[in-house]
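Containing PDB, C-alpha atoms: final-v2.pdb.
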ATOM      1  CA  MET A   1      -8.807  -9.571  13.094  1.00  0.00           C
ATOM      2  CA  ALA A   2      -9.832  -5.994  12.336  1.00  0.00           C
ATOM      3  CA  SER A   3     -13.350  -4.958  11.456  1.00  0.00           C
ATOM      4  CA  ILE A   4     -13.821  -2.439   8.643  1.00  0.00           C
ATOM      5  CA  THR A   5     -16.799  -1.646   6.440  1.00  0.00           C
ATOM      6  CA  LEU A   6     -17.638  -1.631   2.749  1.00  0.00           C
ATOM      7  CA  GLY A   7     -20.669   0.504   2.009  1.00  0.00           C
ATOM      8  CA  GLY A   8     -21.446   0.459   5.711  1.00  0.00           C
ATOM      9  CA  ASN A   9     -21.488  -3.354   5.824  1.00  0.00           C
ATOM     10  CA  PRO A  10     -18.973  -5.021   8.148  1.00  0.00           C
ATOM     11  CA  ILE A  11     -16.089  -6.995   6.659  1.00  0.00           C
ATOM     12  CA  HIS A  12     -12.967  -8.306   8.350  1.00  0.00           C
ATOM     13  CA  THR A  13      -9.250  -8.548   7.781  1.00  0.00           C
ATOM     14  CA  SER A  14      -6.903 -11.414   8.533  1.00  0.00           C
ATOM     15  CA  GLY A  15      -5.296  -9.626  11.473  1.00  0.00           C
ATOM     16  CA  GLU A  16      -4.100  -6.324  12.861  1.00  0.00           C
ATOM     17  CA  LEU A  17      -1.736  -3.784  11.323  1.00  0.00           C
ATOM     18  CA  PRO A  18       1.976  -4.047  12.142  1.00  0.00           C
ATOM     19  CA  ILE A  19       2.937  -2.597  15.527  1.00  0.00           C
ATOM     20  CA  ILE A  20       4.496   0.870  15.630  1.00  0.00           C
ATOM     21  CA  GLY A  21       8.083   0.660  16.842  1.00  0.00           C
ATOM     22  CA  LEU A  22       8.741  -2.803  15.375  1.00  0.00           C
ATOM     23  CA  LYS A  23      10.423  -3.632  12.093  1.00  0.00           C
ATOM     24  CA  LEU A  24       8.155  -4.569   9.196  1.00  0.00           C
ATOM     25  CA  ALA A  25       8.511  -8.170   8.088  1.00  0.00           C
ATOM     26  CA  ASP A  26      10.490  -8.584   4.881  1.00  0.00           C
ATOM     27  CA  PHE A  27       8.437  -9.024   1.722  1.00  0.00           C
ATOM     28  CA  LYS A  28       8.753 -10.231  -1.834  1.00  0.00           C
ATOM     29  CA  LEU A  29       6.539  -8.256  -4.225  1.00  0.00           C
ATOM     30  CA  VAL A  30       6.471  -8.076  -8.018  1.00  0.00           C
ATOM     31  CA  LYS A  31       7.548  -4.885  -9.796  1.00  0.00           C
ATOM     32  CA  ASN A  32       6.112  -3.703 -13.118  1.00  0.00           C
ATOM     33  CA  ASP A  33       9.005  -5.341 -15.003  1.00  0.00           C
ATOM     34  CA  LEU A  34       8.151  -8.657 -13.226  1.00  0.00           C
ATOM     35  CA  SER A  35      11.326  -8.592 -11.139  1.00  0.00           C
ATOM     36  CA  ILE A  36      11.068  -9.053  -7.371  1.00  0.00           C
ATOM     37  CA  ALA A  37      11.390  -6.281  -4.801  1.00  0.00           C
ATOM     38  CA  SER A  38      12.061  -6.858  -1.117  1.00  0.00           C
ATOM     39  CA  LEU A  39      12.180  -4.580   1.889  1.00  0.00           C
ATOM     40  CA  ALA A  40      15.986  -4.832   1.805  1.00  0.00           C
ATOM     41  CA  ASP A  41      15.950  -3.029  -1.561  1.00  0.00           C
ATOM     42  CA  PHE A  42      14.744   0.135   0.185  1.00  0.00           C
ATOM     43  CA  VAL A  43      16.972   0.237   3.288  1.00  0.00           C
ATOM     44  CA  GLY A  44      18.183   3.786   3.841  1.00  0.00           C
ATOM     45  CA  SER A  45      15.000   5.385   2.505  1.00  0.00           C
ATOM     46  CA  LYS A  46      11.866   6.299   4.391  1.00  0.00           C
ATOM     47  CA  LEU A  47       8.883   4.458   2.950  1.00  0.00           C
ATOM     48  CA  VAL A  48       5.206   5.254   2.607  1.00  0.00           C
ATOM     49  CA  LEU A  49       3.303   2.065   1.831  1.00  0.00           C
ATOM     50  CA  ASN A  50       0.019   2.985   0.157  1.00  0.00           C
ATOM     51  CA  ILE A  51      -1.933  -0.284   0.256  1.00  0.00           C
ATOM     52  CA  PHE A  52      -5.312  -0.708  -1.435  1.00  0.00           C
ATOM     53  CA  PRO A  53      -7.706  -3.251  -2.988  1.00  0.00           C
ATOM     54  CA  SER A  54      -7.398  -2.400  -6.708  1.00  0.00           C
ATOM     55  CA  ILE A  55      -5.891   0.329  -8.873  1.00  0.00           C
ATOM     56  CA  ASP A  56      -9.046   0.236 -11.012  1.00  0.00           C
ATOM     57  CA  THR A  57     -11.355   1.770  -8.424  1.00  0.00           C
ATOM     58  CA  GLY A  58     -11.918   5.480  -7.877  1.00  0.00           C
ATOM     59  CA  THR A  59     -10.580   5.831  -4.342  1.00  0.00           C
ATOM     60  CA  CYS A  60      -7.559   3.630  -4.981  1.00  0.00           C
ATOM     61  CA  ALA A  61      -6.678   5.594  -8.111  1.00  0.00           C
ATOM     62  CA  THR A  62      -7.064   8.862  -6.197  1.00  0.00           C
ATOM     63  CA  SER A  63      -4.662   7.693  -3.480  1.00  0.00           C
ATOM     64  CA  VAL A  64      -2.023   6.810  -6.083  1.00  0.00           C
ATOM     65  CA  ARG A  65      -2.439  10.219  -7.752  1.00  0.00           C
ATOM     66  CA  LYS A  66      -2.224  12.115  -4.434  1.00  0.00           C
ATOM     67  CA  PHE A  67       0.829  10.232  -3.206  1.00  0.00           C
ATOM     68  CA  ASN A  68       2.443  10.667  -6.643  1.00  0.00           C
ATOM     69  CA  GLU A  69       2.057  14.459  -6.224  1.00  0.00           C
ATOM     70  CA  SER A  70       3.543  14.375  -2.724  1.00  0.00           C
ATOM     71  CA  ALA A  71       6.360  11.949  -3.494  1.00  0.00           C
ATOM     72  CA  SER A  72       8.288  14.363  -5.675  1.00  0.00           C
ATOM     73  CA  GLN A  73       8.581  16.753  -2.715  1.00  0.00           C
ATOM     74  CA  LEU A  74       9.639  14.217  -0.068  1.00  0.00           C
ATOM     75  CA  GLU A  75      13.290  13.999   0.900  1.00  0.00           C
ATOM     76  CA  ASN A  76      14.834  10.521   1.085  1.00  0.00           C
ATOM     77  CA  THR A  77      11.368   8.952   0.812  1.00  0.00           C
ATOM     78  CA  LYS A  78       9.862   6.447  -1.577  1.00  0.00           C
ATOM     79  CA  VAL A  79       6.147   5.759  -1.975  1.00  0.00           C
ATOM     80  CA  LEU A  80       5.265   2.120  -2.620  1.00  0.00           C
ATOM     81  CA  CYS A  81       1.757   1.503  -3.972  1.00  0.00           C
ATOM     82  CA  ILE A  82       0.827  -2.086  -3.137  1.00  0.00           C
ATOM     83  CA  SER A  83      -2.171  -4.100  -4.297  1.00  0.00           C
ATOM     84  CA  ARG A  84      -3.056  -7.547  -5.610  1.00  0.00           C
ATOM     85  CA  ASP A  85      -3.493  -6.128  -9.114  1.00  0.00           C
ATOM     86  CA  LEU A  86      -1.395  -7.659 -11.850  1.00  0.00           C
ATOM     87  CA  PRO A  87       1.752  -5.641 -12.559  1.00  0.00           C
ATOM     88  CA  PHE A  88       0.418  -5.060 -16.086  1.00  0.00           C
ATOM     89  CA  ALA A  89      -2.668  -3.247 -14.730  1.00  0.00           C
ATOM     90  CA  GLN A  90      -0.542  -1.134 -12.398  1.00  0.00           C
ATOM     91  CA  LYS A  91       1.810  -0.204 -15.254  1.00  0.00           C
ATOM     92  CA  ARG A  92      -1.105   0.589 -17.595  1.00  0.00           C
ATOM     93  CA  PHE A  93      -2.756   2.868 -15.036  1.00  0.00           C
ATOM     94  CA  CYS A  94       0.410   4.792 -14.208  1.00  0.00           C
ATOM     95  CA  GLY A  95       1.339   5.138 -17.887  1.00  0.00           C
ATOM     96  CA  ALA A  96      -2.096   6.493 -18.796  1.00  0.00           C
ATOM     97  CA  GLU A  97      -2.040   8.892 -15.819  1.00  0.00           C
ATOM     98  CA  GLY A  98       1.573  10.054 -16.234  1.00  0.00           C
ATOM     99  CA  ILE A  99       2.415   8.819 -12.745  1.00  0.00           C
ATOM    100  CA  GLU A 100       6.178   8.553 -12.286  1.00  0.00           C
ATOM    101  CA  ASN A 101       6.959   9.304  -8.634  1.00  0.00           C
ATOM    102  CA  VAL A 102       5.641   6.139  -6.979  1.00  0.00           C
ATOM    103  CA  ILE A 103       6.723   2.522  -7.192  1.00  0.00           C
ATOM    104  CA  ASN A 104       3.984  -0.009  -7.859  1.00  0.00           C
ATOM    105  CA  LEU A 105       4.354  -3.436  -6.308  1.00  0.00           C
ATOM    106  CA  SER A 106       2.038  -6.395  -6.729  1.00  0.00           C
ATOM    107  CA  ASP A 107       1.153  -9.100  -4.210  1.00  0.00           C
ATOM    108  CA  PHE A 108      -0.696 -11.092  -6.878  1.00  0.00           C
ATOM    109  CA  LYS A 109       1.261 -14.334  -6.639  1.00  0.00           C
ATOM    110  CA  ASP A 110       0.315 -15.506  -3.159  1.00  0.00           C
ATOM    111  CA  GLY A 111      -0.982 -12.556  -1.151  1.00  0.00           C
ATOM    112  CA  ASN A 112       1.679 -13.144   1.519  1.00  0.00           C
ATOM    113  CA  PHE A 113       2.284  -9.431   2.066  1.00  0.00           C
ATOM    114  CA  GLY A 114      -1.366  -8.931   2.962  1.00  0.00           C
ATOM    115  CA  LYS A 115      -1.542 -12.051   5.091  1.00  0.00           C
ATOM    116  CA  THR A 116       1.690 -11.319   6.972  1.00  0.00           C
ATOM    117  CA  ASN A 117       0.640  -7.758   7.772  1.00  0.00           C
ATOM    118  CA  GLY A 118      -2.998  -8.481   8.673  1.00  0.00           C
ATOM    119  CA  LEU A 119      -4.335  -6.664   5.601  1.00  0.00           C
ATOM    120  CA  GLU A 120      -6.094  -9.427   3.695  1.00  0.00           C
ATOM    121  CA  ILE A 121      -9.875  -9.036   3.552  1.00  0.00           C
ATOM    122  CA  VAL A 122     -11.300 -12.408   4.575  1.00  0.00           C
ATOM    123  CA  ASP A 123     -15.031 -12.015   3.864  1.00  0.00           C
ATOM    124  CA  GLY A 124     -17.440 -10.060   1.698  1.00  0.00           C
ATOM    125  CA  VAL A 125     -17.180  -9.273  -1.993  1.00  0.00           C
ATOM    126  CA  LEU A 126     -13.559  -8.071  -1.703  1.00  0.00           C
ATOM    127  CA  ALA A 127     -12.307 -11.221   0.043  1.00  0.00           C
ATOM    128  CA  GLY A 128      -8.699 -11.932  -0.919  1.00  0.00           C
ATOM    129  CA  LEU A 129      -7.823  -8.291  -1.631  1.00  0.00           C
ATOM    130  CA  HIS A 130      -5.980  -5.908   0.717  1.00  0.00           C
ATOM    131  CA  SER A 131      -7.727  -3.393   2.943  1.00  0.00           C
ATOM    132  CA  ARG A 132      -7.003   0.281   2.357  1.00  0.00           C
ATOM    133  CA  SER A 133      -4.083   1.020   4.673  1.00  0.00           C
ATOM    134  CA  ILE A 134      -1.035   3.207   5.066  1.00  0.00           C
ATOM    135  CA  ILE A 135       2.170   2.049   6.739  1.00  0.00           C
ATOM    136  CA  VAL A 136       5.088   4.457   7.087  1.00  0.00           C
ATOM    137  CA  LEU A 137       8.598   3.157   7.783  1.00  0.00           C
ATOM    138  CA  ASP A 138      11.775   4.949   8.793  1.00  0.00           C
ATOM    139  CA  GLU A 139      15.114   4.378   7.033  1.00  0.00           C
ATOM    140  CA  ASN A 140      15.675   1.144   8.971  1.00  0.00           C
ATOM    141  CA  GLY A 141      12.315  -0.460   8.160  1.00  0.00           C
ATOM    142  CA  THR A 142      10.762   0.349  11.535  1.00  0.00           C
ATOM    143  CA  VAL A 143       7.043   1.112  11.526  1.00  0.00           C
ATOM    144  CA  VAL A 144       6.424   4.735  12.576  1.00  0.00           C
ATOM    145  CA  TYR A 145       2.788   5.157  11.471  1.00  0.00           C
ATOM    146  CA  THR A 146      -0.163   2.996  10.489  1.00  0.00           C
ATOM    147  CA  GLU A 147      -3.716   3.640   9.385  1.00  0.00           C
ATOM    148  CA  GLN A 148      -6.367   1.197   8.285  1.00  0.00           C
ATOM    149  CA  VAL A 149      -9.229   3.131   6.726  1.00  0.00           C
ATOM    150  CA  SER A 150     -12.394   2.104   8.571  1.00  0.00           C
ATOM    151  CA  GLU A 151     -14.704   2.475   5.525  1.00  0.00           C
ATOM    152  CA  ILE A 152     -12.878   1.025   2.558  1.00  0.00           C
ATOM    153  CA  ALA A 153     -14.434   3.503   0.120  1.00  0.00           C
ATOM    154  CA  ASN A 154     -12.909   6.449   2.028  1.00  0.00           C
ATOM    155  CA  GLU A 155      -9.482   7.967   1.387  1.00  0.00           C
ATOM    156  CA  PRO A 156      -6.674   7.661   3.934  1.00  0.00           C
ATOM    157  CA  ASN A 157      -5.440  10.595   5.999  1.00  0.00           C
ATOM    158  CA  TYR A 158      -2.644  11.741   3.682  1.00  0.00           C
ATOM    159  CA  GLU A 159      -1.579  14.633   5.899  1.00  0.00           C
ATOM    160  CA  ALA A 160      -1.156  12.464   9.018  1.00  0.00           C
ATOM    161  CA  ALA A 161       0.873   9.873   7.114  1.00  0.00           C
ATOM    162  CA  LEU A 162       3.178  12.466   5.585  1.00  0.00           C
ATOM    163  CA  ALA A 163       3.522  14.434   8.838  1.00  0.00           C
ATOM    164  CA  VAL A 164       5.550  11.632  10.476  1.00  0.00           C
ATOM    165  CA  LEU A 165       8.230  11.977   7.806  1.00  0.00           C
TER     166      LEU A 165
END
Go ahead and render the structure in this file as structure tokens.
Amino acid sequence: MASITLGGNPIHTSGELPIIGLKLADFKLVKNDLSIASLADFVGSKLVLNIFPSIDTGTCATSVRKFNESASQLENTKVLCISRDLPFAQKRFCGAEGIENVINLSDFKDGNFGKTNGLEIVDGVLAGLHSRSIIVLDENGTVVYTEQVSEIANEPNYEAALAVL
């Protein structure tokens, strides 16, 4: 269980981030067209997993915008923006913002992605949502970088995440 804060108040997650050097567990997440995406769909590409509580908050929206800007310049890399938001909300946000370089995936059905990877917030007002985290994978699905933002209202370290690519 990791301890993070929201407005300076301690909250906790269901576990610890995946271990660098190990393969990420497979996942089943919902795309904007309601089809299912799995880790196997992305084999051969480097992945930046931008994980956050909700697309409809300022910091989460900023992270999607910033990674969208970076994604167009990354070679053989896909940016997956993952939250528990409904796919409709993710699609609405990206359409309104003109965001086209990231792939939104939703863990709304059962939250298994968050639970499996130790990201689910288990107490406080955001209980059930995912903590703000970045996981970077190589072409084989091996974890090469992780960051769990200690204060959930803060932005992740974009430069450090992209530097490992």
* Shell of 12 Å around Ala163 in chain A, all atoms listed in the file, local chain residues under 6 positions omitted, as an MDAnalysis selection string -> chainID A and resid 48 70 74 136 144:145 157
* To do: Convert the output of the PyMOL selection byres ((chain A and resi 57) around 12) on the shown file into explicit residues, formatted as an MDAnalysis selection string.
  => chainID A and resid 52:56 58:64 83 85 89:90 93 132 152:155
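The two atoms in question, CA of Lys28 in chain A and CA of Thr142 in chain A, are spaced 17.2 Å apart.
Take CA of Glu159 in chain A and CA of Glu120 in chain A: the distance between them is 24.6 Å.
Matched in the shown structure by the PyMOL selection byres ((chain A and resi 34) around 12): Lys28, Leu29, Val30, Lys31, Asn32, Asp33, Ser35, Ile36, Ala37, Leu86, Pro87, Phe88, Gln90, Lys91, Asn104, Leu105, Ser106, Asp107, Phe108 and Lys109 of chain A.
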* Asked: Which residues come within 10 Å of Phe67 in chain A, counting all atoms listed in the file, excluding same-chain residues fewer than 4 positions away, as a ChimeraX atom specification?
  -> /A:48-50,62-63,71-72,78-81,99,101-102,158,162
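Between CA of Asp138 in chain A and CA of Thr13 in chain A the interatomic distance comes to 25.0 Å.
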* Counting only C-alpha atoms, which residues come within 12 Å of (-15.1, -10.7, 0.9), with the point read in the file's coordinates, and could you list them as a ChimeraX atom specification? -> /A:4-6,9-14,53,120-131
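Closest approach to Lys46 in chain A from the set A:Ala25, A:Ile135, A:Ala2, A:Leu17 is made by A:Ile135, with distances taken over all atoms listed in the file.
Nearest to Arg84 in chain A of all the residues A:Leu22, A:Leu47, A:Leu119, A:Ala96 is A:Leu119, counting only C-alpha atoms.
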* Extract, using all atoms listed in the file, all DNA, RNA and protein residues at most 10 Å from Phe42 in chain A, discarding same-chain residues fewer than 6 positions from it, and format them as a VMD selection string. => chain A and resid 77 to 78 139 to 141
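Nearest residue to Gly95 in chain A among A:Arg65, A:Thr116, A:Gly111, A:Pro18 is A:Arg65, counting all atoms listed in the file.
Nearest to Glu16 in chain A of all the residues A:Asp41, A:Val143, A:Asn112, A:Met1 is A:Met1, counting all atoms listed in the file.
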